[in-house]
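S.K.: Sharing a structure below in structure tokens format, with a few things to ask.
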Amino acid sequence: MIASLSGILETLGGDWVIINVGGVGFQVHTSTTTRSSLGKAGEEVRLYTHFLVRDDGATLYGFAVMEELQLFQILIGVSGLGPRLALAMLSAMEVDKLAMAIATGSTELLTSIPGIGKKMASRLVLELKDKVGAGFIATPIIQVAQENTDVVSALLTLGYSVTEASQAIASLPVSTDLGLEDKIRLALQYFGTK
């Protein structure tokens, strides 16, 4: 198995790169996030990889950070979700934001990714909620998020990061009398005070 590659970046393609390792060029399929972090042709790069062998061929997938590789491997374990769709998901959303969307059951945010419909979003949440929540997000954030799933979803949809959403949720008063609109308004006010 090829676990990682270190070499010279030769070419950047639409959804792949070629890395020259000791005179051998490896074509590696990547997310746009990884491709944008690699730099220019001629520079030294390192990718964590997943080597996938199927009846119709072998493909190498590469990731700039280990967390992205781990989430990719979890995603392709879902029936009906292939590696191309997993890469599209990782291209559309940062790892922490995607993990938070799955862990909090935010199907609305997941369906905003091209190629993910309601059925697939529901399947992702059902199959991966516990796996992703335990592995990618700190436990206190999950606990806070589970109580305020709709607020987290709204903040993520508005473009706030997982960390920012978590901080805003943590600043909310502990009260069961607050409705969703009030919680969102208070969370947005948190950003106004910063």
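By order in the structure tokens, chains are A, B, ...; within a chain, residues start at 1; ligands start at 1, following the order shown.
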Mind running range 93-136 of chain A against range 72-78 of chain A at 10 Å and telling me each contacting residue's nearest atom pair with the distance in Å (one decimal), counting only C-alpha atoms, chain and number ascending, as a tab-separated table?

M.R.:
```
residue	atom	partner	partner_atom	distance
A:Val95	CA	A:Phe72	CA	9.4
A:Met120	CA	A:Val78	CA	9.3
A:Arg123	CA	A:Val78	CA	7.9
A:Leu124	CA	A:Val78	CA	7.0
A:Glu127	CA	A:Val78	CA	7.1
A:Leu128	CA	A:Ile74	CA	7.8
A:Lys131	CA	A:Ile74	CA	8.1
A:Val132	CA	A:Ile74	CA	8.1
```

S.K.: Could you turn the residues from that selection into a file that holds N, CA and C atoms, as a CSV table (one decimal), in the first residue's frame?

M.R.:
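File produced: result_25.csv:
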```
chain,number,residue,atom,x,y,z
A,95,VAL,N,-12.9,20.2,6.2
A,95,VAL,CA,-13.0,18.9,6.9
A,95,VAL,C,-13.8,19.1,8.2
A,120,MET,N,-29.1,10.7,0.2
A,120,MET,CA,-27.7,10.4,0.6
A,120,MET,C,-27.3,11.2,1.8
A,123,ARG,N,-28.6,9.2,4.7
A,123,ARG,CA,-27.7,8.0,4.9
A,123,ARG,C,-26.4,8.4,5.6
A,124,LEU,N,-25.8,9.5,5.1
A,124,LEU,CA,-24.5,9.9,5.7
A,124,LEU,C,-24.7,10.2,7.2
A,127,GLU,N,-25.4,6.7,9.1
A,127,GLU,CA,-24.2,5.8,9.1
A,127,GLU,C,-23.0,6.3,9.8
A,128,LEU,N,-22.8,7.7,9.7
A,128,LEU,CA,-21.5,8.2,10.2
A,128,LEU,C,-21.6,9.2,11.4
A,131,LYS,N,-19.4,7.9,14.2
A,131,LYS,CA,-18.0,7.7,13.7
A,131,LYS,C,-17.3,9.1,13.6
A,132,VAL,N,-18.0,10.0,12.9
A,132,VAL,CA,-17.4,11.3,12.7
A,132,VAL,C,-17.4,12.2,13.9
```

S.K.: Return as a VMD selection string the full set of residues in range 20-120 of chain A whose backbone-based DSSP assignment is alpha helix (DSSP H).

M.R.: chain A and resid 32 to 38 66 to 75 83 to 92 95 to 103 107 to 110 118 to 120

S.K.: Next, write the just-selected residues to a file, as a tab-separated table (two decimals), in the first residue's frame, keeping N, CA and C atoms as the atom set.

M.R.:
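What ended up in part-v2.tsv:
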```tsv
chain	number	residue	atom	x	y	z
A	32	THR	N	-10.05	19.99	-4.22
A	32	THR	CA	-9.58	21.33	-4.55
A	32	THR	C	-8.85	21.96	-3.37
A	33	THR	N	-9.24	21.59	-2.16
A	33	THR	CA	-8.57	22.10	-0.96
A	33	THR	C	-7.10	21.69	-0.95
A	34	THR	N	-6.86	20.42	-1.22
A	34	THR	CA	-5.48	19.94	-1.24
A	34	THR	C	-4.71	20.56	-2.40
A	35	ARG	N	-5.32	20.59	-3.59
A	35	ARG	CA	-4.62	21.16	-4.75
A	35	ARG	C	-4.22	22.60	-4.51
A	36	SER	N	-5.10	23.37	-3.90
A	36	SER	CA	-4.79	24.79	-3.67
A	36	SER	C	-3.68	24.97	-2.62
A	37	SER	N	-3.44	23.97	-1.79
A	37	SER	CA	-2.41	24.10	-0.76
A	37	SER	C	-1.03	23.63	-1.22
A	38	LEU	N	-0.95	23.05	-2.42
A	38	LEU	CA	0.31	22.46	-2.87
A	38	LEU	C	1.32	23.46	-3.41
A	66	MET	N	-3.76	14.75	7.25
A	66	MET	CA	-4.22	13.42	7.64
A	66	MET	C	-5.73	13.39	7.92
A	67	GLU	N	-6.28	14.47	8.49
A	67	GLU	CA	-7.70	14.50	8.82
A	67	GLU	C	-8.56	14.39	7.56
A	68	GLU	N	-8.10	15.00	6.48
A	68	GLU	CA	-8.85	14.93	5.22
A	68	GLU	C	-8.82	13.50	4.68
A	69	LEU	N	-7.68	12.84	4.76
A	69	LEU	CA	-7.57	11.44	4.35
A	69	LEU	C	-8.49	10.56	5.19
A	70	GLN	N	-8.48	10.75	6.48
A	70	GLN	CA	-9.30	9.92	7.36
A	70	GLN	C	-10.79	10.10	7.07
A	71	LEU	N	-11.22	11.34	6.84
A	71	LEU	CA	-12.63	11.57	6.54
A	71	LEU	C	-12.98	10.97	5.17
A	72	PHE	N	-12.09	11.07	4.20
A	72	PHE	CA	-12.29	10.45	2.90
A	72	PHE	C	-12.51	8.95	3.05
A	73	GLN	N	-11.68	8.28	3.85
A	73	GLN	CA	-11.79	6.85	4.05
A	73	GLN	C	-13.10	6.48	4.73
A	74	ILE	N	-13.56	7.31	5.63
A	74	ILE	CA	-14.85	7.06	6.28
A	74	ILE	C	-15.98	7.25	5.29
A	75	LEU	N	-15.91	8.31	4.48
A	75	LEU	CA	-16.97	8.60	3.52
A	75	LEU	C	-17.13	7.50	2.48
A	83	PRO	N	-15.54	7.26	-4.42
A	83	PRO	CA	-14.44	8.18	-4.14
A	83	PRO	C	-14.57	9.54	-4.83
A	84	ARG	N	-15.15	9.57	-6.02
A	84	ARG	CA	-15.31	10.87	-6.71
A	84	ARG	C	-16.27	11.78	-5.94
A	85	LEU	N	-17.36	11.22	-5.44
A	85	LEU	CA	-18.31	12.02	-4.67
A	85	LEU	C	-17.70	12.43	-3.33
A	86	ALA	N	-16.92	11.53	-2.72
A	86	ALA	CA	-16.24	11.88	-1.47
A	86	ALA	C	-15.27	13.04	-1.69
A	87	LEU	N	-14.54	13.02	-2.82
A	87	LEU	CA	-13.64	14.14	-3.14
A	87	LEU	C	-14.42	15.42	-3.37
A	88	ALA	N	-15.57	15.29	-4.05
A	88	ALA	CA	-16.41	16.47	-4.28
A	88	ALA	C	-16.88	17.07	-2.96
A	89	MET	N	-17.22	16.21	-2.01
A	89	MET	CA	-17.65	16.70	-0.70
A	89	MET	C	-16.52	17.44	0.01
A	90	LEU	N	-15.31	16.86	-0.05
A	90	LEU	CA	-14.16	17.49	0.59
A	90	LEU	C	-13.72	18.75	-0.14
A	91	SER	N	-14.06	18.85	-1.42
A	91	SER	CA	-13.76	20.06	-2.18
A	91	SER	C	-14.75	21.17	-1.85
A	92	ALA	N	-15.98	20.79	-1.56
A	92	ALA	CA	-17.04	21.76	-1.30
A	92	ALA	C	-17.01	22.32	0.12
A	95	VAL	N	-12.87	20.16	6.17
A	95	VAL	CA	-13.03	18.91	6.92
A	95	VAL	C	-13.84	19.11	8.19
A	96	ASP	N	-13.49	20.13	8.98
A	96	ASP	CA	-14.20	20.32	10.25
A	96	ASP	C	-15.66	20.70	10.03
A	97	LYS	N	-15.94	21.47	9.01
A	97	LYS	CA	-17.31	21.89	8.72
A	97	LYS	C	-18.14	20.68	8.24
A	98	LEU	N	-17.55	19.86	7.39
A	98	LEU	CA	-18.23	18.66	6.90
A	98	LEU	C	-18.49	17.68	8.03
A	99	ALA	N	-17.48	17.48	8.88
A	99	ALA	CA	-17.64	16.59	10.03
A	99	ALA	C	-18.73	17.10	10.97
A	100	MET	N	-18.76	18.40	11.20
A	100	MET	CA	-19.78	18.99	12.08
A	100	MET	C	-21.17	18.83	11.46
A	101	ALA	N	-21.28	19.02	10.15
A	101	ALA	CA	-22.58	18.86	9.49
A	101	ALA	C	-23.09	17.43	9.65
A	102	ILE	N	-22.21	16.46	9.51
A	102	ILE	CA	-22.61	15.05	9.67
A	102	ILE	C	-22.94	14.76	11.13
A	103	ALA	N	-22.07	15.18	12.04
A	103	ALA	CA	-22.25	14.89	13.47
A	103	ALA	C	-23.49	15.53	14.05
A	107	THR	N	-28.70	17.87	7.52
A	107	THR	CA	-28.92	17.42	6.14
A	107	THR	C	-29.07	18.60	5.18
A	108	GLU	N	-29.54	19.75	5.67
A	108	GLU	CA	-29.68	20.93	4.82
A	108	GLU	C	-28.30	21.37	4.30
A	109	LEU	N	-27.33	21.36	5.18
A	109	LEU	CA	-25.98	21.77	4.80
A	109	LEU	C	-25.36	20.74	3.87
A	110	LEU	N	-25.60	19.46	4.14
A	110	LEU	CA	-25.06	18.40	3.29
A	110	LEU	C	-25.65	18.44	1.89
A	118	LYS	N	-31.20	14.52	-0.67
A	118	LYS	CA	-31.73	14.30	0.68
A	118	LYS	C	-31.52	12.87	1.15
A	119	LYS	N	-31.70	11.92	0.24
A	119	LYS	CA	-31.55	10.51	0.62
A	119	LYS	C	-30.11	10.22	1.03
A	120	MET	N	-29.14	10.68	0.25
A	120	MET	CA	-27.73	10.45	0.58
A	120	MET	C	-27.34	11.20	1.85
```

S.K.: Give the answer as one residue: which of A:Val151, A:Ile18, A:Ala58, A:Val28 has the shortest atom-to-atom distance to Leu188 in chain A, using only C-alpha atoms?

M.R.: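 That would be A:Val151, the residue with the smallest distance to Leu188 in chain A.
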
S.K.: Using DSSP on the backbone, list every residue of range 19-139 of chain A that comes out as strand (DSSP E), and give them as a PyMOL selection string.

M.R.: chain A and resi 19-21+24-30+44-54+57-63

S.K.: Find the residues around Asp15 in chain A up to 7 Å (only C-alpha atoms counted), leave out those fewer than 6 positions away in its own chain, and share them as a list in words.

M.R.: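 The residues satisfying every condition are His29, Thr30 and Ser31 of chain A.
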
S.K.: Write to file, as a PDB file, in the first residue's frame, the residues of the selection just made, with C-alpha atoms.

M.R.:
```
ATOM      1  CA  HIS A  29      -6.534  12.583  -7.519  1.00  0.00           C
ATOM      2  CA  THR A  30      -7.083  15.344  -4.970  1.00  0.00           C
ATOM      3  CA  SER A  31      -9.714  17.670  -3.563  1.00  0.00           C
TER       4      SER A  31
END
```

S.K.: May I ask which of the residues A:Ser79, A:Ser153, A:Ser6, A:Thr59 is the closest one to Ile169 in chain A, counting only C-alpha atoms?

M.R.: A:Ser153

S.K.: Using only C-alpha atoms, pick whichever of A:Ser106, A:Ser4, A:Thr11, A:Ser166 has the shortest atom-to-atom distance to Lys40 in chain A.

M.R.: A:Thr11

S.K.: Might you pull out every residue within 8 Å of Glu44 in chain A, with only C-alpha atoms counted and same-chain residues fewer than 2 positions away left off, and present them as a short mmCIF file (atom, residue, chain, number, x, y, z; two decimals) with C-alpha atoms, in the first residue's frame?

M.R.:
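What ended up in result_34.cif:
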```cif
data_model
loop_
_atom_site.label_atom_id
_atom_site.label_comp_id
_atom_site.auth_asym_id
_atom_site.auth_seq_id
_atom_site.Cartn_x
_atom_site.Cartn_y
_atom_site.Cartn_z
CA SER A 6 7.00 13.05 -1.16
CA GLY A 7 8.39 14.51 -4.34
CA ILE A 8 8.34 17.31 -6.86
CA LEU A 9 5.01 18.64 -8.08
CA GLY A 42 8.56 22.45 -9.33
CA ARG A 46 4.02 15.65 0.50
#
```

S.K.: Range 63-151 of chain A near range 181-185 of chain A within 12 Å: what's each residue's closest atom pair and its distance in Å to one decimal, counting only C-alpha atoms, ordered by chain then ascending residue number, as a Markdown table?

M.R.:
```
| residue | atom | partner | partner_atom | distance |
| --- | --- | --- | --- | --- |
| A:Glu147 | CA | A:Lys183 | CA | 11.3 |
| A:Asn148 | CA | A:Lys183 | CA | 8.5 |
| A:Thr149 | CA | A:Lys183 | CA | 11.0 |
| A:Asp150 | CA | A:Ile184 | CA | 8.7 |
| A:Val151 | CA | A:Ile184 | CA | 5.7 |
```
